[in-house]
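Student: Hey, dropping data17.txt in here, compact mmCIF, C-alpha atoms:
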```
# COMPACT_ATOMS: atom_id res chain seq x y z
CA MET A 1 75.91 101.05 105.83
CA VAL A 2 78.75 100.44 103.37
CA THR A 3 81.48 103.09 103.11
CA GLY A 4 83.53 103.51 99.95
CA ALA A 5 80.54 102.09 98.09
CA THR A 6 80.80 103.77 94.70
CA ALA A 7 83.69 101.63 93.42
CA GLY A 8 85.64 98.44 93.98
CA ILE A 9 84.86 96.03 96.80
CA GLY A 10 82.46 98.52 98.36
CA SER A 11 80.27 98.62 95.26
CA ALA A 12 80.27 94.82 94.96
CA THR A 13 79.39 94.54 98.66
CA ALA A 14 76.49 96.98 98.30
CA VAL A 15 75.14 95.04 95.31
CA ALA A 16 75.32 91.71 97.15
CA LEU A 17 73.62 93.07 100.28
CA ALA A 18 70.88 94.70 98.21
CA ARG A 19 70.28 91.36 96.51
CA LEU A 20 69.80 89.82 99.96
CA GLY A 21 67.02 92.33 100.59
CA ALA A 22 68.87 94.58 103.03
CA THR A 23 68.23 98.29 103.32
CA VAL A 24 71.54 99.60 102.00
CA ILE A 25 73.04 102.98 102.89
CA ALA A 26 75.87 103.52 100.41
CA VAL A 27 78.48 106.13 101.30
CA GLY A 28 80.93 107.80 98.93
CA ARG A 29 82.45 111.17 98.13
CA ASN A 30 81.09 111.61 94.59
CA ALA A 31 77.39 112.53 94.40
CA ASP A 32 77.06 111.69 90.67
CA LYS A 33 78.55 108.23 91.17
CA GLY A 34 76.29 107.76 94.18
CA ALA A 35 73.16 108.58 92.19
CA ARG A 36 74.20 106.15 89.45
CA LEU A 37 74.92 103.46 92.05
CA VAL A 38 71.47 103.81 93.61
CA GLU A 39 69.81 103.56 90.21
CA GLN A 40 71.95 100.53 89.31
CA LEU A 41 71.28 98.70 92.54
CA GLN A 42 67.54 99.31 92.43
CA ARG A 43 67.37 98.22 88.79
CA GLU A 44 69.59 95.13 89.07
CA THR A 45 68.35 93.83 92.42
CA GLY A 46 64.73 94.96 92.44
CA ASN A 47 65.36 96.34 95.92
CA PRO A 48 64.00 99.90 96.33
CA ALA A 49 65.54 100.30 99.82
CA VAL A 50 68.84 101.77 98.64
CA GLU A 51 70.05 105.29 99.38
CA PHE A 52 73.27 107.27 99.07
CA LEU A 53 74.96 109.61 101.54
CA CYS A 54 77.76 111.80 100.23
CA ALA A 55 80.85 112.42 102.38
CA ASP A 56 84.61 112.68 102.01
CA LEU A 57 85.69 110.33 104.78
CA SER A 58 89.26 111.60 104.81
CA LEU A 59 87.96 114.67 106.70
CA GLN A 60 86.71 114.57 110.29
CA ALA A 61 84.06 117.25 109.76
CA GLU A 62 82.61 115.20 106.90
CA VAL A 63 82.58 112.06 109.06
CA ARG A 64 80.65 113.92 111.75
CA ARG A 65 78.22 115.35 109.20
CA LEU A 66 77.65 111.90 107.70
CA ALA A 67 76.92 110.36 111.09
CA ALA A 68 74.53 113.17 112.02
CA GLU A 69 72.69 112.87 108.69
CA PHE A 70 72.37 109.11 109.06
CA LEU A 71 71.04 109.44 112.61
CA ARG A 72 68.45 112.02 111.49
CA ARG A 73 67.13 109.55 108.92
CA HIS A 74 67.47 106.21 110.70
CA ALA A 75 66.92 104.90 114.22
CA ARG A 76 68.59 101.52 113.67
CA LEU A 77 71.80 100.15 112.18
CA HIS A 78 72.46 96.43 112.05
CA VAL A 79 75.60 96.29 109.91
CA LEU A 80 78.44 98.79 109.46
CA VAL A 81 80.94 97.86 106.75
CA ASN A 82 84.03 100.03 107.11
CA ASN A 83 85.35 99.48 103.61
CA VAL A 84 86.61 102.94 102.66
CA GLY A 85 90.35 103.11 102.14
CA GLY A 86 93.10 104.30 99.88
CA PHE A 87 96.74 103.95 98.93
CA PHE A 88 98.79 107.08 98.28
CA LEU A 89 102.33 106.78 96.98
CA GLN A 90 103.38 110.23 98.17
CA ARG A 91 102.93 111.52 101.69
CA LYS A 92 100.26 114.21 101.89
CA LEU A 93 98.16 115.74 104.63
CA THR A 94 94.41 116.21 104.93
CA SER A 95 93.04 119.63 105.85
CA ASP A 96 92.94 118.27 109.43
CA GLY A 97 96.76 118.13 109.24
CA ILE A 98 96.91 114.32 109.35
CA GLU A 99 98.69 111.98 106.93
CA THR A 100 95.98 110.99 104.44
CA THR A 101 96.45 107.21 104.43
CA PHE A 102 96.21 106.98 108.22
CA ALA A 103 93.28 109.42 108.33
CA LEU A 104 91.23 107.57 105.72
CA ASN A 105 92.13 103.96 106.48
CA HIS A 106 92.06 104.06 110.28
CA LEU A 107 91.46 107.29 112.14
CA ASN A 108 88.19 108.34 110.54
CA VAL A 109 86.95 104.74 110.60
CA PHE A 110 87.57 104.92 114.35
CA LEU A 111 85.59 108.17 114.52
CA LEU A 112 82.64 107.03 112.39
CA THR A 113 82.32 103.78 114.32
CA HIS A 114 82.25 105.65 117.62
CA LEU A 115 79.62 108.11 116.40
CA LEU A 116 77.36 105.22 115.36
CA LEU A 117 78.14 102.92 118.28
CA ASP A 118 75.14 103.77 120.45
CA THR A 119 72.82 103.07 117.52
CA LEU A 120 74.57 99.78 116.79
CA ARG A 121 74.20 98.76 120.46
CA SER A 122 70.51 99.64 120.53
CA SER A 123 70.01 97.72 117.26
CA ALA A 124 71.72 94.54 118.51
CA PRO A 125 72.32 91.98 117.25
CA ALA A 126 74.55 94.09 115.04
CA ARG A 127 77.83 93.65 113.20
CA ILE A 128 80.86 95.77 112.33
CA VAL A 129 83.05 94.56 109.46
CA ASN A 130 86.44 96.27 109.03
CA VAL A 131 88.14 95.72 105.68
CA SER A 132 91.80 95.31 106.56
CA SER A 133 94.66 93.82 104.56
CA ASP A 134 97.54 91.39 104.88
CA ALA A 135 99.68 94.47 104.21
CA HIS A 136 99.58 94.88 108.00
CA ARG A 137 102.04 92.01 108.37
CA GLY A 138 105.52 93.30 109.13
CA ALA A 139 104.23 96.80 109.84
CA HIS A 140 104.44 98.67 113.14
CA VAL A 141 102.63 101.68 114.52
CA ASP A 142 105.00 104.65 114.77
CA PHE A 143 103.44 106.27 117.84
CA PRO A 144 105.85 109.24 118.11
CA ALA A 145 105.19 110.11 114.46
CA LEU A 146 101.42 109.88 114.99
CA GLU A 147 101.47 112.11 118.03
CA SER A 148 103.61 114.70 116.26
CA ARG A 149 101.53 114.27 113.07
CA ARG A 150 104.52 113.25 111.00
CA GLY A 151 104.77 109.95 109.16
CA ALA A 152 105.71 108.53 105.78
CA GLY A 153 103.54 107.80 102.77
CA GLY A 154 103.43 104.87 100.38
CA MET A 155 103.44 101.23 101.42
CA ARG A 156 104.84 101.99 104.85
CA ALA A 157 101.88 104.24 105.65
CA TYR A 158 99.41 101.78 104.12
CA GLY A 159 100.74 98.84 106.17
CA GLN A 160 100.65 100.91 109.36
CA SER A 161 97.06 102.01 108.69
CA LYS A 162 95.87 98.42 108.20
CA LEU A 163 97.75 97.29 111.32
CA ALA A 164 96.00 100.09 113.21
CA MET A 165 92.62 98.99 111.86
CA THR A 166 93.24 95.41 112.98
CA LEU A 167 94.39 96.51 116.45
CA PHE A 168 91.26 98.66 116.65
CA THR A 169 89.08 95.70 115.64
CA TYR A 170 90.37 93.51 118.45
CA GLU A 171 90.22 96.25 121.09
CA LEU A 172 86.69 97.20 120.08
CA ALA A 173 85.64 93.55 120.20
CA ARG A 174 86.96 93.32 123.78
CA ARG A 175 85.07 96.47 124.79
CA LEU A 176 81.83 95.34 123.13
CA LEU A 177 81.84 91.81 124.54
CA GLY A 178 78.36 90.91 125.71
CA SER A 179 76.73 93.90 124.00
CA GLY A 180 75.31 91.96 121.05
CA VAL A 181 77.57 93.87 118.64
CA THR A 182 80.30 91.86 116.95
CA VAL A 183 83.34 93.27 115.16
CA ASN A 184 85.67 91.42 112.82
CA ALA A 185 88.41 92.31 110.34
CA VAL A 186 88.72 90.80 106.88
CA HIS A 187 91.48 90.55 104.30
CA PRO A 188 89.70 90.52 100.91
CA GLY A 189 92.77 89.26 99.06
CA PHE A 190 94.61 90.75 96.12
CA VAL A 191 91.70 92.37 94.31
CA ALA A 192 91.52 94.02 90.89
CA SER A 193 90.15 97.27 92.29
CA SER A 194 90.57 100.94 91.35
CA MET A 195 92.35 101.75 94.62
CA TYR A 196 95.73 102.22 92.92
CA ASP A 197 94.51 104.44 90.07
CA ASN A 198 95.20 107.69 91.91
CA SER A 199 98.50 106.65 93.44
CA GLY A 200 100.75 108.19 90.82
CA GLY A 201 104.20 107.08 89.65
CA LEU A 202 105.01 103.47 88.96
CA VAL A 203 102.05 102.23 91.00
CA ARG A 204 99.62 103.94 88.63
CA LEU A 205 101.46 102.51 85.62
CA ALA A 206 101.22 99.04 87.17
CA ALA A 207 97.49 99.37 87.94
CA PRO A 208 96.32 97.67 84.67
CA PHE A 209 98.54 94.65 85.40
CA ILE A 210 97.35 94.53 89.02
CA LYS A 211 93.76 94.45 87.80
CA ARG A 212 94.53 91.65 85.37
CA LEU A 213 96.13 89.45 88.06
CA GLY A 214 93.83 90.14 91.01
CA LYS A 215 90.56 88.65 92.18
CA SER A 216 87.34 89.99 90.72
CA LEU A 217 85.48 92.57 92.78
CA GLU A 218 82.77 90.01 93.57
CA GLU A 219 85.38 87.52 94.81
CA GLY A 220 87.00 90.23 96.93
CA ALA A 221 83.64 91.21 98.43
CA ASP A 222 82.62 87.61 99.19
CA SER A 223 84.15 87.40 102.69
CA VAL A 224 82.94 90.91 103.51
CA VAL A 225 79.35 89.98 102.65
CA TYR A 226 79.76 86.68 104.52
CA LEU A 227 80.73 88.53 107.72
CA ALA A 228 77.96 91.09 107.22
CA ALA A 229 75.11 88.70 106.59
CA SER A 230 75.82 85.00 107.12
CA PRO A 231 74.11 83.24 110.05
CA GLU A 232 77.24 81.07 110.33
CA VAL A 233 79.14 83.92 111.99
CA GLU A 234 76.37 85.12 114.30
CA GLY A 235 78.04 85.97 117.61
CA VAL A 236 81.60 85.55 116.26
CA THR A 237 83.76 88.51 117.23
CA GLY A 238 87.36 89.68 117.44
CA LYS A 239 88.61 87.59 114.50
CA TYR A 240 90.58 88.17 111.30
CA PHE A 241 89.03 86.44 108.28
CA VAL A 242 90.54 85.35 104.97
CA ASP A 243 88.38 83.50 102.41
CA ARG A 244 85.56 83.10 104.96
CA LYS A 245 87.85 81.48 107.52
CA PRO A 246 89.28 82.95 110.74
CA MET A 247 93.06 83.17 110.41
CA PRO A 248 95.83 84.48 112.68
CA SER A 249 96.83 88.06 111.97
CA SER A 250 100.34 89.31 112.70
CA PRO A 251 101.69 88.92 116.27
CA ALA A 252 101.74 92.72 116.63
CA THR A 253 97.93 92.84 116.46
CA TYR A 254 97.52 90.79 119.64
CA ASP A 255 99.29 93.22 121.97
CA PRO A 256 96.58 94.75 124.21
CA ALA A 257 98.93 97.46 125.49
CA GLU A 258 99.60 98.61 121.92
CA ALA A 259 95.88 98.50 121.15
CA LYS A 260 95.05 100.59 124.22
CA ARG A 261 97.75 103.12 123.38
CA LEU A 262 96.49 103.40 119.80
CA TRP A 263 92.91 103.80 121.08
CA GLU A 264 93.87 106.68 123.37
CA ILE A 265 95.92 108.46 120.69
CA SER A 266 93.10 108.00 118.17
CA GLU A 267 90.60 109.50 120.63
CA LYS A 268 92.77 112.59 121.04
CA MET A 269 93.33 112.97 117.29
CA VAL A 270 89.59 112.96 116.55
CA GLY A 271 88.57 114.94 119.63
CA LEU A 272 86.66 112.20 121.44
CA SER A 273 88.62 112.06 124.70
```
Translate the structure described by the file into structure tokens.
Tutor:
Amino acid sequence: MVTGATAGIGSATAVALARLGATVIAVGRNADKGARLVEQLQRETGNPAVEFLCADLSLQAEVRRLAAEFLRRHARLHVLVNNVGGFFLQRKLTSDGIETTFALNHLNVFLLTHLLLDTLRSSAPARIVNVSSDAHRGAHVDFPALESRRGAGGMRAYGQSKLAMTLFTYELARRLLGSGVTVNAVHPGFVASSMYDNSGGLVRLAAPFIKRLGKSLEEGADSVVYLAASPEVEGVTGKYFVDRKPMPSSPATYDPAEAKRLWEISEKMVGLS
């Protein structure tokens, strides 16, 4: 399963995995784009085992519906690529009352992963790949703001969300040790994606220049596909990868007390506790 699969790194990841012969479940929020993606992947790769599930992963009810629909159709899941994400210049709330960047980039990734975890365990060996970002460096998790559902938007919110995803990756790896399910985070690099198109303001104006300077989508997806499919990383877990190599993430990501606190708050915010 690849989330955020109708554009950017997610689309390039889905194409690469389809070419490898995998059964690909592409997830996105636009049904028309999803239908076109399925047709494109089947045509370009010759792989008929491609399907699309439509869900807006910024909303918890949609995450739960997606997981339920997947589990009705499939008994096994060997790879979960948590690629979905966004950058929003202005602070705004989802209909769940949660800051959108944090909801989309971390909290609902946390929820989806938990809802699919039993299936991943029973399908072991299995892999979880979390698409993080070096934007986590220098960020901190504002726990009081999370618990009171406040919080800023823009780069501050984006950095916090990617720090949270990396903390989640390491804590989940500790909890899954010995289960046959590995979980790693990856920084795809500065990629010429469409993520900034809906940001508004100066960020939107700069989007064409960002696309000109960044990596191609295929280059950005390379390390994601490597972690999802390469035999070289079989059994490797709890790492942060850049350009196919494990690299240190920020010191803040290695604090188990912070990771545990984030885990417990995330459980409460998605109704899992």
Student: Between CA of Phe52 (chain A) and CA of Thr6 (chain A), what is the distance in Å, rounded to a tenth?
Tutor: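 The value is 9.4 Å.
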Student: Tell me which protein, DNA and RNA residues are within 12 Å of Leu172 (chain A), counting all atoms listed in the file, leaving out same-chain ones fewer than 2 positions away, and put them as a VMD selection string.
Tutor: chain A and resid 110 113 to 114 117 127 to 130 164 to 170 174 to 179 181 to 185 237 to 239 256 259 to 260 262 to 263
Student: Please identify every residue of region 56-81 of chain A that has at least one atom no farther than 12 Å from an atom of region 14-18 of chain A, counting only C-alpha atoms, and for each give the shortest atom pair and the distance in Å to one decimal, arranged by chain then increasing number, as a tab-separated table.
Tutor:
```
residue	atom	partner	partner_atom	distance
A:Val79	CA	A:Leu17	CA	10.3
A:Leu80	CA	A:Ala14	CA	11.5
A:Val81	CA	A:Ala14	CA	9.6
```
Student: Would you work out the distance separating CA of Gly85 (chain A) from CA of Val141 (chain A), expressed in Å to one decimal?
Tutor: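 Atom-to-atom, CA of Gly85 (chain A) to CA of Val141 (chain A), that is 17.5 Å.
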Student: Name the residues in contact with Arg91 (chain A) at a cut-off of 7 Å, using all atoms listed in the file, excluding same-chain residues fewer than 3 positions from it; report them as a count of residues only.
Tutor: 5
Student: Nearest to Gln160 (chain A) among A:Val191, A:Leu66, A:Ala252, A:Ala221, with distances taken over all atoms listed in the file: which residue is it?
Tutor: A:Ala252
Student: Would you mind telling me which residue in A:Lys268, A:Arg76, A:Lys92, A:Lys215 lies nearest to Asp118 (chain A) when using only C-alpha atoms?
Tutor: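 Of A:Lys268, A:Arg76, A:Lys92, A:Lys215, the one nearest Asp118 (chain A), counting only C-alpha atoms, is A:Arg76.
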Student: In Å to one decimal, how far is CA of Tyr158 (chain A) from CA of Glu171 (chain A)?
Tutor: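 Atom-to-atom, CA of Glu171 (chain A) and CA of Tyr158 (chain A) are spaced 20.1 Å apart.
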Student: Near Glu218 (chain A), within 12 Å and counting all atoms listed in the file, which residues show up once chain neighbours fewer than 5 positions away are dropped, as a PyMOL selection string?
Tutor: chain A and resi 7-17+188-189+191-193+223-226
Student: With a distance cut-off of 12 Å and only C-alpha atoms, select the neighbouring residues of Leu104 (chain A), excluding the residue or stretch itself and same-chain residues fewer than 3 positions from it, and output the selection as a count of residues only.
Tutor: 37
